[in-house]
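Here's the structure we're looking at; comments come further down.
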Amino acid sequence: MIQFSHVYKTYLGPVHALRNIEFEIDKGEFVFLTGPSGAGKTTLFRMISAYDKPSSGVVRVSGSSIDELNANTVAYFRRKIGVVFQDFKLLKDRTLAENVALPLTVKGHPQELIDQKVNELLDQLGLSHRKYQYPAQISGGEQQRVAIARALIHQPGVLIADEPTGNLDPQLSEEIMDLLESVNAQGTTVFVATHDHELVRRRAKRVIELAGGQIVRDSR
Amino acid sequence: MKNLMSSYARTWAQHTGIQFATLSILSATLTVVAIVFVTSFNVNRIMTQWGTDIKLTAYLEDDKDLDFALLEKKIQGMDSVKAVEFVGKERALQIFNNQLKDITPEFLNEDLDANPLPNSFEITLKEQIKNSESYEVLTKQASLISGFEGIEDVSYGQSWLKNYSAFVSGVTTSGVVVILILLVGSLFIIGNSIRSSISSRKEEIEILELVGATRFSIRLPFVFEGFVTGALTSAIGLFICFFLFSWAKAIISQSAVLARLSETMQFFDYSFIFLFVLGGALIGGLGSFLTVRGINDGWSASQGAN
Ligand SMILES: Nc1ncnc2c1ncn2[C@@H]1O[C@H](COP(=O)(O)OP(=O)(O)O)[C@@H](O)[C@H]1O
Ligand SMILES: [Mg+2]
């Protein structure tokens with residue numbers, strides 16, 4: 001599902017953000033990416049979501065080589081993945097239902113089908129009663145649930161989440177992790193970056209640990 | 001379409017001031033464009049009407065042996081000549097007397113034997129005088145005819161026709177230049193307003209890229225916005241121009257000298273109005289396309305770190 005081989009990423013400076021990254025995540029796995037701030041977690045995730053290309057080496061996600069994507073094909077690639085960020089990235093001037101619907105809207109699905117799917121998903125996440133509200137009207141934990149719903153509505157094979165609980169208190173963080181686990185239980189590959197060791201320790205999952213841009217541990 | 005409209009409405013909500021300024025400036029610009037168009041259009045109309053009246057007069061030498069019929073045939077045979085009419089010296093005097101009778105009857109000369117006027121040909125050319133090019137055709141024909149044996153002189157109101165055709169050319173040329181400048185300016189004005197719409201929606205563009213929106217669908221609302229702005233402002237421009245035109249026409253029709261002119265004056269027909277608004281819309285769409293093309297390359301969000 002996700003495959004890194006001999007991946008290096010060097011920013012101007014030069015900053016060696018990633019060095020010789022080599023790992024593979026299979027379909028249906030749940031994997032944590034840990035490491036202190038500055039270890040290179042976001043850099044790695046930006047390559048999975050095709051926001052950046054490796055300086056050298058190959059990154060393959062859902063059958064696509066990130067290096068080979070261009071301005072036209074990158075959109076179609078992103079329809080195969082779901083991405084969640086620390087800061088939610090919801091559209092402030094759209095209702096929660098409209099935010100969740102976005103991946104289907106851009107694909108041009110018929111509105112009835114979109115409504116039906118959005119209702120189903122918001123129901124599952126216990127957000128149905130809020131669907132006509134705006135992001136500013138709900139809590140951070142709820143916003144992140146909406147963001148996760150948006151990342152799942154188009155049924156991607158893989159969901160990646162970069163510090164999804166970074167802005168949330170411990171109680172809400174656990175709830176979000178529970179949600180991600182149940183998403184994984186339904187068959188979606190889930191890859192979560194976090195620097196919160198406590199969170200990781202409580203769940204017996206595969207952990208890839210980064211430090212200084214290198215993999216220092218893979219519990220596989 | 002619903003999405004495009006709501007996107008446009010959001011731009012208005014976010015940038016009421018900029019939108020209003022853009023609309024005002026563009027409307028004013030396109031009013032000037034419309035005025036330039038309507039002016040040169042009408043100058044050309046009037047030109048064409050007057051152009052049919054323009055004739056050459058070829059005066060003949062006072063020679064008893066001259067074969068008028070042969071000479072007439074020769075002139076008639078020229079490519080650019082439409083019609084030739086012989087005006088004998090007696091008729092010339094008659095016409096002259098008729099004109100004189102109205103102005104200074106005391107100088108009337110009834111003595112036909114002392115007729116000082118020459119025989120002549122009234123020559124009508126196929127081409128009308130619309131610009132300096134056709135003026136050149138005219139002078140060439142004139143000098144050709146004056147070279148024929150038996151022709152004393154050719155007259156065609158040289159100096160005023162020259163000024164006249166230069167004027168027409170001048171109006172057309174400066175009209176084209178002014179319109180080009182204003183249209184390029186309009187591209188920039190629209191581009192700028194689109195730029196502000198884009199910058200306030202940078203986050204939205206990032207998120208749309210994230211969820212897999214194509215470049216085309218991200219750009220479309222902005223191009224649509226420019227298209228609507230262009231269509232709207234060119235329609236407003238035409239509207240204002242129409243009022244100014246009607247006002248000018250009313251004033252001209254009051255004037256004793258120019259009243260006849262006002263009858264010839266005409267505003268654009270529907271097909272031109274349609275083309276003008278369409279042109280405005282296309283300029284607007286182009287202006288925003290050029291702007292948005294430089295901004296949304298599929299990786300806008302890669303500039304923002306997490
Ligand atoms: N756009 C960039 N330009 C230069 N250096 C960068 C850029 N993005 C990240 N870095 C550097 O790369 C390293 C890894 O950063 P990052 O991937 O954000 O780490 P993490 O997400 O684990 O905190 C850091 O040293 C950071 O300063
Ligand atoms: Mg990070």
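A note on labels: chains of the structure tokens are A, B, ... as shown, every chain counts residues from 1, and ligands are counted from 1 in their shown order.
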
Using only C-alpha atoms, find which residues of chain A lie within 9 Å of chain B and jot them down as an mmCIF file with all heavy atoms, in the first residue's frame.
```cif
data_model
loop_
_atom_site.group_PDB
_atom_site.id
_atom_site.type_symbol
_atom_site.label_atom_id
_atom_site.label_comp_id
_atom_site.auth_asym_id
_atom_site.auth_seq_id
_atom_site.Cartn_x
_atom_site.Cartn_y
_atom_site.Cartn_z
ATOM 1 N N THR A 42 6.504 14.905 9.283
ATOM 2 C CA THR A 42 5.675 15.654 8.331
ATOM 3 C C THR A 42 6.257 15.565 6.923
ATOM 4 O O THR A 42 5.532 15.409 5.940
ATOM 5 C CB THR A 42 5.545 17.112 8.797
ATOM 6 O OG1 THR A 42 4.830 17.127 10.032
ATOM 7 C CG2 THR A 42 4.795 17.942 7.776
ATOM 8 N N ARG A 46 4.194 14.295 3.785
ATOM 9 C CA ARG A 46 3.967 15.157 2.620
ATOM 10 C C ARG A 46 4.297 14.434 1.315
ATOM 11 O O ARG A 46 3.732 14.740 0.271
ATOM 12 C CB ARG A 46 4.796 16.443 2.731
ATOM 13 C CG ARG A 46 4.219 17.422 3.772
ATOM 14 C CD ARG A 46 5.227 18.490 4.137
ATOM 15 N NE ARG A 46 5.659 19.238 2.970
ATOM 16 C CZ ARG A 46 4.935 20.186 2.403
ATOM 17 N NH1 ARG A 46 3.764 20.503 2.908
ATOM 18 N NH2 ARG A 46 5.384 20.826 1.355
ATOM 19 N N SER A 49 1.293 12.070 0.553
ATOM 20 C CA SER A 49 0.137 12.781 -0.001
ATOM 21 C C SER A 49 0.501 13.591 -1.246
ATOM 22 O O SER A 49 -0.278 14.420 -1.710
ATOM 23 C CB SER A 49 -0.488 13.670 1.066
ATOM 24 O OG SER A 49 0.502 14.406 1.745
ATOM 25 N N ALA A 50 1.688 13.361 -1.776
ATOM 26 C CA ALA A 50 2.124 13.973 -3.029
ATOM 27 C C ALA A 50 2.205 15.496 -2.970
ATOM 28 O O ALA A 50 1.968 16.183 -3.956
ATOM 29 C CB ALA A 50 1.231 13.552 -4.198
ATOM 30 N N TYR A 51 2.520 16.006 -1.791
ATOM 31 C CA TYR A 51 2.788 17.445 -1.706
ATOM 32 C C TYR A 51 4.247 17.746 -1.978
ATOM 33 O O TYR A 51 4.632 18.887 -2.157
ATOM 34 C CB TYR A 51 2.397 17.981 -0.322
ATOM 35 C CG TYR A 51 0.917 18.236 -0.210
ATOM 36 C CD1 TYR A 51 0.143 17.620 0.752
ATOM 37 C CD2 TYR A 51 0.299 19.107 -1.106
ATOM 38 C CE1 TYR A 51 -1.215 17.852 0.833
ATOM 39 C CE2 TYR A 51 -1.057 19.338 -1.039
ATOM 40 C CZ TYR A 51 -1.811 18.707 -0.070
ATOM 41 O OH TYR A 51 -3.144 18.924 0.000
ATOM 42 N N ASP A 52 5.032 16.711 -1.958
ATOM 43 C CA ASP A 52 6.470 16.868 -2.166
ATOM 44 C C ASP A 52 6.986 15.609 -2.838
ATOM 45 O O ASP A 52 6.346 14.558 -2.761
ATOM 46 C CB ASP A 52 7.161 17.050 -0.813
ATOM 47 C CG ASP A 52 8.049 18.278 -0.810
ATOM 48 O OD1 ASP A 52 8.583 18.612 -1.889
ATOM 49 O OD2 ASP A 52 8.198 18.897 0.262
ATOM 50 N N ASN A 70 2.091 14.336 -12.217
ATOM 51 C CA ASN A 70 2.232 15.715 -12.677
ATOM 52 C C ASN A 70 1.025 16.532 -12.225
ATOM 53 O O ASN A 70 0.118 16.017 -11.569
ATOM 54 C CB ASN A 70 2.414 15.772 -14.199
ATOM 55 C CG ASN A 70 1.209 15.208 -14.930
ATOM 56 O OD1 ASN A 70 0.066 15.400 -14.512
ATOM 57 N ND2 ASN A 70 1.457 14.516 -16.029
ATOM 58 N N ALA A 71 1.008 17.796 -12.607
ATOM 59 C CA ALA A 71 -0.037 18.707 -12.122
ATOM 60 C C ALA A 71 -1.442 18.210 -12.458
ATOM 61 O O ALA A 71 -2.395 18.522 -11.747
ATOM 62 C CB ALA A 71 0.183 20.097 -12.711
ATOM 63 N N ASN A 72 -1.570 17.443 -13.518
ATOM 64 C CA ASN A 72 -2.902 16.942 -13.879
ATOM 65 C C ASN A 72 -3.259 15.639 -13.174
ATOM 66 O O ASN A 72 -4.388 15.443 -12.746
ATOM 67 C CB ASN A 72 -2.995 16.732 -15.390
ATOM 68 C CG ASN A 72 -2.997 18.056 -16.131
ATOM 69 O OD1 ASN A 72 -3.689 18.986 -15.723
ATOM 70 N ND2 ASN A 72 -2.205 18.146 -17.181
ATOM 71 N N THR A 73 -2.263 14.741 -13.048
ATOM 72 C CA THR A 73 -2.584 13.426 -12.492
ATOM 73 C C THR A 73 -2.609 13.425 -10.970
ATOM 74 O O THR A 73 -3.184 12.519 -10.371
ATOM 75 C CB THR A 73 -1.580 12.371 -12.990
ATOM 76 O OG1 THR A 73 -0.265 12.821 -12.683
ATOM 77 C CG2 THR A 73 -1.714 12.168 -14.490
ATOM 78 N N VAL A 74 -2.000 14.440 -10.337
ATOM 79 C CA VAL A 74 -1.926 14.440 -8.875
ATOM 80 C C VAL A 74 -3.321 14.478 -8.257
ATOM 81 O O VAL A 74 -3.579 13.849 -7.221
ATOM 82 C CB VAL A 74 -1.033 15.604 -8.363
ATOM 83 C CG1 VAL A 74 -1.716 16.945 -8.537
ATOM 84 C CG2 VAL A 74 -0.655 15.382 -6.904
ATOM 85 N N ALA A 75 -4.265 15.170 -8.919
ATOM 86 C CA ALA A 75 -5.628 15.254 -8.388
ATOM 87 C C ALA A 75 -6.259 13.868 -8.319
ATOM 88 O O ALA A 75 -6.886 13.514 -7.315
ATOM 89 C CB ALA A 75 -6.475 16.172 -9.256
ATOM 90 N N TYR A 76 -6.056 13.072 -9.375
ATOM 91 C CA TYR A 76 -6.655 11.738 -9.401
ATOM 92 C C TYR A 76 -5.991 10.817 -8.385
ATOM 93 O O TYR A 76 -6.639 9.950 -7.815
ATOM 94 C CB TYR A 76 -6.603 11.166 -10.820
ATOM 95 C CG TYR A 76 -7.384 12.044 -11.763
ATOM 96 C CD1 TYR A 76 -6.752 12.998 -12.554
ATOM 97 C CD2 TYR A 76 -8.774 11.978 -11.794
ATOM 98 C CE1 TYR A 76 -7.481 13.843 -13.364
ATOM 99 C CE2 TYR A 76 -9.509 12.816 -12.599
ATOM 100 C CZ TYR A 76 -8.857 13.746 -13.385
ATOM 101 O OH TYR A 76 -9.584 14.586 -14.171
ATOM 102 N N PHE A 77 -4.697 11.044 -8.164
ATOM 103 C CA PHE A 77 -4.018 10.271 -7.133
ATOM 104 C C PHE A 77 -4.617 10.570 -5.756
ATOM 105 O O PHE A 77 -4.889 9.668 -4.967
ATOM 106 C CB PHE A 77 -2.517 10.575 -7.127
ATOM 107 C CG PHE A 77 -1.829 10.086 -5.880
ATOM 108 C CD1 PHE A 77 -1.582 8.732 -5.702
ATOM 109 C CD2 PHE A 77 -1.474 10.972 -4.860
ATOM 110 C CE1 PHE A 77 -0.983 8.272 -4.534
ATOM 111 C CE2 PHE A 77 -0.877 10.513 -3.698
ATOM 112 C CZ PHE A 77 -0.630 9.158 -3.533
ATOM 113 N N ARG A 78 -4.844 11.845 -5.466
ATOM 114 C CA ARG A 78 -5.326 12.222 -4.124
ATOM 115 C C ARG A 78 -6.724 11.676 -3.852
ATOM 116 O O ARG A 78 -7.144 11.567 -2.711
ATOM 117 C CB ARG A 78 -5.303 13.745 -3.965
ATOM 118 C CG ARG A 78 -3.890 14.298 -4.035
ATOM 119 C CD ARG A 78 -3.648 15.459 -3.098
ATOM 120 N NE ARG A 78 -2.277 15.925 -3.209
ATOM 121 C CZ ARG A 78 -1.913 16.995 -3.908
ATOM 122 N NH1 ARG A 78 -2.830 17.722 -4.514
ATOM 123 N NH2 ARG A 78 -0.646 17.332 -3.980
ATOM 124 N N ARG A 79 -7.455 11.336 -4.912
ATOM 125 C CA ARG A 79 -8.778 10.752 -4.700
ATOM 126 C C ARG A 79 -8.691 9.322 -4.169
ATOM 127 O O ARG A 79 -9.687 8.746 -3.764
ATOM 128 C CB ARG A 79 -9.568 10.763 -6.011
ATOM 129 C CG ARG A 79 -9.892 12.183 -6.455
ATOM 130 C CD ARG A 79 -10.582 12.211 -7.790
ATOM 131 N NE ARG A 79 -10.739 13.597 -8.228
ATOM 132 C CZ ARG A 79 -11.411 13.948 -9.311
ATOM 133 N NH1 ARG A 79 -11.974 13.032 -10.052
ATOM 134 N NH2 ARG A 79 -11.504 15.221 -9.648
ATOM 135 N N LYS A 80 -7.478 8.758 -4.219
ATOM 136 C CA LYS A 80 -7.310 7.389 -3.741
ATOM 137 C C LYS A 80 -6.853 7.342 -2.287
ATOM 138 O O LYS A 80 -6.761 6.283 -1.704
ATOM 139 C CB LYS A 80 -6.269 6.653 -4.616
ATOM 140 C CG LYS A 80 -6.716 6.523 -6.068
ATOM 141 C CD LYS A 80 -5.869 5.519 -6.828
ATOM 142 C CE LYS A 80 -4.459 6.042 -7.072
ATOM 143 N NZ LYS A 80 -3.653 5.125 -7.906
ATOM 144 N N ILE A 81 -6.527 8.525 -1.732
ATOM 145 C CA ILE A 81 -6.044 8.547 -0.344
ATOM 146 C C ILE A 81 -6.916 9.493 0.491
ATOM 147 O O ILE A 81 -7.679 10.294 -0.053
ATOM 148 C CB ILE A 81 -4.566 9.010 -0.265
ATOM 149 C CG1 ILE A 81 -4.417 10.436 -0.798
ATOM 150 C CG2 ILE A 81 -3.666 8.067 -1.044
ATOM 151 C CD1 ILE A 81 -3.055 11.057 -0.540
ATOM 152 N N GLY A 82 -6.799 9.361 1.797
ATOM 153 C CA GLY A 82 -7.463 10.289 2.702
ATOM 154 C C GLY A 82 -6.408 10.901 3.607
ATOM 155 O O GLY A 82 -5.515 10.203 4.068
ATOM 156 N N VAL A 83 -6.475 12.230 3.803
ATOM 157 C CA VAL A 83 -5.432 12.895 4.587
ATOM 158 C C VAL A 83 -6.067 13.720 5.707
ATOM 159 O O VAL A 83 -7.034 14.444 5.493
ATOM 160 C CB VAL A 83 -4.566 13.822 3.694
ATOM 161 C CG1 VAL A 83 -3.398 14.389 4.495
ATOM 162 C CG2 VAL A 83 -4.052 13.073 2.471
ATOM 163 N N PHE A 85 -5.023 16.394 8.995
ATOM 164 C CA PHE A 85 -3.952 17.225 9.544
ATOM 165 C C PHE A 85 -4.238 17.617 10.994
ATOM 166 O O PHE A 85 -5.371 17.532 11.468
ATOM 167 C CB PHE A 85 -3.819 18.511 8.723
ATOM 168 C CG PHE A 85 -3.394 18.282 7.309
ATOM 169 C CD1 PHE A 85 -4.339 18.147 6.303
ATOM 170 C CD2 PHE A 85 -2.058 18.218 6.973
ATOM 171 C CE1 PHE A 85 -3.952 17.942 4.990
ATOM 172 C CE2 PHE A 85 -1.661 18.007 5.669
ATOM 173 C CZ PHE A 85 -2.615 17.870 4.668
ATOM 174 N N GLN A 86 -3.190 18.109 11.603
ATOM 175 C CA GLN A 86 -3.325 18.590 12.974
ATOM 176 C C GLN A 86 -4.336 19.736 13.066
ATOM 177 O O GLN A 86 -5.113 19.815 14.008
ATOM 178 C CB GLN A 86 -1.949 19.073 13.450
ATOM 179 C CG GLN A 86 -1.921 19.639 14.851
ATOM 180 C CD GLN A 86 -0.490 19.907 15.308
ATOM 181 O OE1 GLN A 86 0.476 19.499 14.665
ATOM 182 N NE2 GLN A 86 -0.350 20.571 16.440
ATOM 183 N N ASP A 87 -4.305 20.631 12.072
ATOM 184 C CA ASP A 87 -5.173 21.824 12.143
ATOM 185 C C ASP A 87 -6.470 21.644 11.336
ATOM 186 O O ASP A 87 -7.075 22.618 10.885
ATOM 187 C CB ASP A 87 -4.407 23.062 11.693
ATOM 188 C CG ASP A 87 -3.857 22.920 10.285
ATOM 189 O OD1 ASP A 87 -4.002 21.822 9.705
ATOM 190 O OD2 ASP A 87 -3.294 23.895 9.756
ATOM 191 N N LYS A 89 -8.002 21.698 8.763
ATOM 192 C CA LYS A 89 -8.167 22.208 7.390
ATOM 193 C C LYS A 89 -9.597 22.055 6.880
ATOM 194 O O LYS A 89 -9.850 21.506 5.797
ATOM 195 C CB LYS A 89 -7.193 21.530 6.424
ATOM 196 C CG LYS A 89 -5.736 21.863 6.713
ATOM 197 C CD LYS A 89 -4.875 21.679 5.489
ATOM 198 C CE LYS A 89 -3.389 21.773 5.805
ATOM 199 N NZ LYS A 89 -2.970 23.117 6.214
ATOM 200 N N LEU A 90 -10.539 22.583 7.652
ATOM 201 C CA LEU A 90 -11.934 22.624 7.198
ATOM 202 C C LEU A 90 -12.200 23.984 6.558
ATOM 203 O O LEU A 90 -11.549 24.974 6.906
ATOM 204 C CB LEU A 90 -12.881 22.409 8.382
ATOM 205 C CG LEU A 90 -12.765 21.060 9.102
ATOM 206 C CD1 LEU A 90 -13.701 21.007 10.295
ATOM 207 C CD2 LEU A 90 -13.054 19.909 8.148
ATOM 208 N N LEU A 91 -13.155 24.023 5.654
ATOM 209 C CA LEU A 91 -13.539 25.306 5.044
ATOM 210 C C LEU A 91 -14.522 26.010 5.983
ATOM 211 O O LEU A 91 -15.605 25.510 6.253
ATOM 212 C CB LEU A 91 -14.188 25.067 3.679
ATOM 213 C CG LEU A 91 -13.238 24.639 2.573
ATOM 214 C CD1 LEU A 91 -14.005 24.257 1.311
ATOM 215 C CD2 LEU A 91 -12.250 25.761 2.262
ATOM 216 N N LEU A 102 -16.983 17.278 0.335
ATOM 217 C CA LEU A 102 -16.033 17.836 -0.637
ATOM 218 C C LEU A 102 -15.374 16.828 -1.594
ATOM 219 O O LEU A 102 -15.392 17.031 -2.811
ATOM 220 C CB LEU A 102 -14.971 18.638 0.118
ATOM 221 C CG LEU A 102 -14.580 19.998 -0.449
ATOM 222 C CD1 LEU A 102 -15.791 20.816 -0.866
ATOM 223 C CD2 LEU A 102 -13.747 20.755 0.574
ATOM 224 N N PRO A 103 -14.814 15.711 -1.074
ATOM 225 C CA PRO A 103 -14.157 14.776 -2.009
ATOM 226 C C PRO A 103 -15.110 14.196 -3.046
ATOM 227 O O PRO A 103 -14.692 13.868 -4.155
ATOM 228 C CB PRO A 103 -13.639 13.664 -1.083
ATOM 229 C CG PRO A 103 -13.468 14.329 0.245
ATOM 230 C CD PRO A 103 -14.602 15.316 0.332
ATOM 231 N N LEU A 104 -16.394 14.082 -2.679
ATOM 232 C CA LEU A 104 -17.364 13.579 -3.657
ATOM 233 C C LEU A 104 -17.819 14.695 -4.586
ATOM 234 O O LEU A 104 -18.040 14.482 -5.779
ATOM 235 C CB LEU A 104 -18.570 12.967 -2.934
ATOM 236 C CG LEU A 104 -18.280 11.783 -2.008
ATOM 237 C CD1 LEU A 104 -19.570 11.271 -1.387
ATOM 238 C CD2 LEU A 104 -17.573 10.671 -2.771
ATOM 239 N N THR A 105 -17.937 15.899 -4.030
ATOM 240 C CA THR A 105 -18.340 17.044 -4.843
ATOM 241 C C THR A 105 -17.344 17.286 -5.979
ATOM 242 O O THR A 105 -17.736 17.502 -7.121
ATOM 243 C CB THR A 105 -18.443 18.316 -3.978
ATOM 244 O OG1 THR A 105 -19.173 18.016 -2.794
ATOM 245 C CG2 THR A 105 -19.148 19.433 -4.731
ATOM 246 N N VAL A 106 -16.036 17.228 -5.646
ATOM 247 C CA VAL A 106 -15.043 17.491 -6.691
ATOM 248 C C VAL A 106 -15.017 16.372 -7.736
ATOM 249 O O VAL A 106 -14.565 16.592 -8.860
ATOM 250 C CB VAL A 106 -13.616 17.703 -6.127
ATOM 251 C CG1 VAL A 106 -13.589 18.845 -5.131
ATOM 252 C CG2 VAL A 106 -13.065 16.436 -5.520
ATOM 253 N N LYS A 107 -15.515 15.199 -7.343
ATOM 254 C CA LYS A 107 -15.592 14.124 -8.327
ATOM 255 C C LYS A 107 -16.849 14.248 -9.179
ATOM 256 O O LYS A 107 -17.046 13.497 -10.135
ATOM 257 C CB LYS A 107 -15.610 12.759 -7.630
ATOM 258 C CG LYS A 107 -14.246 12.285 -7.179
ATOM 259 C CD LYS A 107 -14.200 10.770 -7.170
ATOM 260 C CE LYS A 107 -14.095 10.217 -5.775
ATOM 261 N NZ LYS A 107 -14.113 8.752 -5.733
ATOM 262 N N ARG A 150 -14.345 13.569 6.307
ATOM 263 C CA ARG A 150 -14.025 14.047 4.958
ATOM 264 C C ARG A 150 -12.958 13.172 4.306
ATOM 265 O O ARG A 150 -12.992 12.934 3.097
ATOM 266 C CB ARG A 150 -13.539 15.502 5.012
ATOM 267 C CG ARG A 150 -13.336 16.099 3.623
ATOM 268 C CD ARG A 150 -12.733 17.473 3.698
ATOM 269 N NE ARG A 150 -11.407 17.435 4.277
ATOM 270 C CZ ARG A 150 -10.749 18.504 4.710
ATOM 271 N NH1 ARG A 150 -11.313 19.698 4.647
ATOM 272 N NH2 ARG A 150 -9.541 18.397 5.217
ATOM 273 N N ALA A 151 -12.000 12.688 5.125
ATOM 274 C CA ALA A 151 -10.928 11.861 4.578
ATOM 275 C C ALA A 151 -11.405 10.456 4.243
ATOM 276 O O ALA A 151 -10.687 9.698 3.606
ATOM 277 C CB ALA A 151 -9.768 11.803 5.566
ATOM 278 N N ASP A 162 -1.486 13.234 10.117
ATOM 279 C CA ASP A 162 -0.275 13.834 10.671
ATOM 280 C C ASP A 162 -0.626 14.583 11.952
ATOM 281 O O ASP A 162 -1.279 15.618 11.911
ATOM 282 C CB ASP A 162 0.336 14.794 9.637
ATOM 283 C CG ASP A 162 1.727 15.266 10.070
ATOM 284 O OD1 ASP A 162 2.225 14.790 11.110
ATOM 285 O OD2 ASP A 162 2.301 16.114 9.357
#
```

| field | 12 Å contact set for range 200-203 of chain A, only C-alpha atoms, chain neighbours under 3 positions out, as number ranges by chain | value | A: 30-35, 163, 165, 173-174, 177-178, 180-181, 192-197, 206-209

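If you look at CA of Leu168 in chain A and CA of Lys92 in chain A, they are 18.9 Å away from each other.
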
| query | So which residues are near ligand 1, meaning at most 6 Å away with only C-alpha atoms and all ligand atoms counted, given back as a PyMOL selection string? | reply | chain A and resi 11-12+15+17+37-43

Selected residues, C-alpha atoms, written as a compact mmCIF listing (two decimals), in the first residue's frame, please.
```txt
# COMPACT_ATOMS: atom_id res chain seq x y z
CA TYR A 11 15.90 20.87 1.73
CA LEU A 12 17.90 23.95 0.79
CA VAL A 15 18.79 20.21 5.67
CA ALA A 17 15.20 15.90 6.55
CA SER A 37 9.63 17.21 16.76
CA GLY A 38 11.85 17.82 13.76
CA ALA A 39 12.48 14.11 13.19
CA GLY A 40 10.98 14.25 9.69
CA LYS A 41 7.46 12.86 10.21
CA THR A 42 5.67 15.65 8.33
CA THR A 43 8.24 15.53 5.54
```

| said: Residues within 9 Å of Glu72 in chain B, please, as a count of residues only. Count only C-alpha atoms; anything in the same chain fewer than 5 positions from it doesn't count. | reply: 6

| request: Extract the full set of helix (DSSP H, G or I) residues from range 7-218 of chain A according to DSSP on the backbone, and format it as number ranges by chain. | output: A: 41-48, 66-68, 73-78, 96-107, 111-124, 128-130, 135-137, 140-152, 170-185, 197-201

| said: If we count only C-alpha atoms and set the cut-off at 10 Å, which residues sit around Asn184 in chain A, ignoring sequence neighbours fewer than 3 positions away in its own chain? Please answer as a PyMOL selection string. | reply: chain A and resi 28-30+158-159+178-181+187-191

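Every protein or nucleic acid residue with an atom no more than 7 Å from Ser120 in chain B, counting only C-alpha atoms and leaving out same-chain residues fewer than 5 positions away, appears here: B:Thr57, B:Ala58, B:Tyr59, B:Leu60, B:Phe86, B:Val87, B:Gly88.
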
For the residues in the current selection, export N, CA, C and O atoms as a compact mmCIF listing (two decimals), in the first residue's frame.
```
# COMPACT_ATOMS: atom_id res chain seq x y z
N THR B 57 -13.77 66.05 -62.05
CA THR B 57 -14.12 66.81 -63.24
C THR B 57 -12.87 66.96 -64.11
O THR B 57 -11.84 67.46 -63.63
N ALA B 58 -12.96 66.44 -65.35
CA ALA B 58 -11.83 66.59 -66.26
C ALA B 58 -12.16 67.68 -67.28
O ALA B 58 -13.11 67.54 -68.07
N TYR B 59 -11.44 68.79 -67.27
CA TYR B 59 -11.69 69.90 -68.21
C TYR B 59 -10.93 69.65 -69.49
O TYR B 59 -9.76 69.24 -69.47
N LEU B 60 -11.62 69.91 -70.61
CA LEU B 60 -11.02 69.60 -71.91
C LEU B 60 -10.41 70.85 -72.54
O LEU B 60 -10.83 71.96 -72.28
N PHE B 86 -20.62 63.61 -70.22
CA PHE B 86 -20.07 64.78 -70.91
C PHE B 86 -20.89 66.01 -70.56
O PHE B 86 -22.12 65.99 -70.60
N VAL B 87 -20.20 67.07 -70.18
CA VAL B 87 -20.88 68.35 -69.90
C VAL B 87 -20.32 69.39 -70.86
O VAL B 87 -19.18 69.83 -70.74
N GLY B 88 -21.14 69.72 -71.87
CA GLY B 88 -20.71 70.70 -72.86
C GLY B 88 -20.58 72.08 -72.23
O GLY B 88 -21.15 72.33 -71.16
```

| Please, what distance in Å, to one decimal, runs between CA of Val154 in chain B and CA of Asp65 in chain B? | 20.2 Å

| message | I'd like the contact shell of Gly237 in chain B - 6 Å cut-off, only C-alpha atoms, skipping same-chain residues fewer than 6 positions apart - returned as a ChimeraX atom specification. | response | /B:27,30-31

| From the list A:Ile66, A:Ala97, A:Ala185, A:Ala161, which residue is nearest ligand 2 when using only C-alpha atoms and all ligand atoms? |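 Nearest candidate to ligand 2 out of A:Ile66, A:Ala97, A:Ala185, A:Ala161: A:Ala161.
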
| field | Residues near range 190-194 of chain B, cut-off 10 Å, only C-alpha atoms, skip fewer than 3 positions along chain, as a PyMOL selection string | value | chain B and resi 11+15+18-19+21-23+25-26+185-187+197-199+222-223+225-227+229-230+283-292

| message | So the first atom is CA of Leu138 in chain B and the second is CA of Ser169 in chain B; what is the distance between them in Å, to one decimal place? | response |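 Calculated distance between CA of Leu138 in chain B and CA of Ser169 in chain B is 15.3 Å.
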
| field | Best match for closeness to Ala9 in chain B among B:Ile95, B:Val168, B:Val81, B:Val228, counting only C-alpha atoms | value | B:Val228

| request: Could you give me the residues within range 18-65 of chain B that DSSP places in strand (DSSP E), as an NGL selection string? | output: :B and (55-60)

Selection file, C-alpha atoms, as an mmCIF file, in the first residue's frame:
```cif
data_model
loop_
_atom_site.group_PDB
_atom_site.id
_atom_site.type_symbol
_atom_site.label_atom_id
_atom_site.label_comp_id
_atom_site.auth_asym_id
_atom_site.auth_seq_id
_atom_site.Cartn_x
_atom_site.Cartn_y
_atom_site.Cartn_z
ATOM 1 C CA LYS B 55 -16.601 63.082 -58.503
ATOM 2 C CA LEU B 56 -13.740 64.091 -60.704
ATOM 3 C CA THR B 57 -14.122 66.810 -63.242
ATOM 4 C CA ALA B 58 -11.829 66.585 -66.260
ATOM 5 C CA TYR B 59 -11.687 69.899 -68.207
ATOM 6 C CA LEU B 60 -11.021 69.598 -71.912
#
```
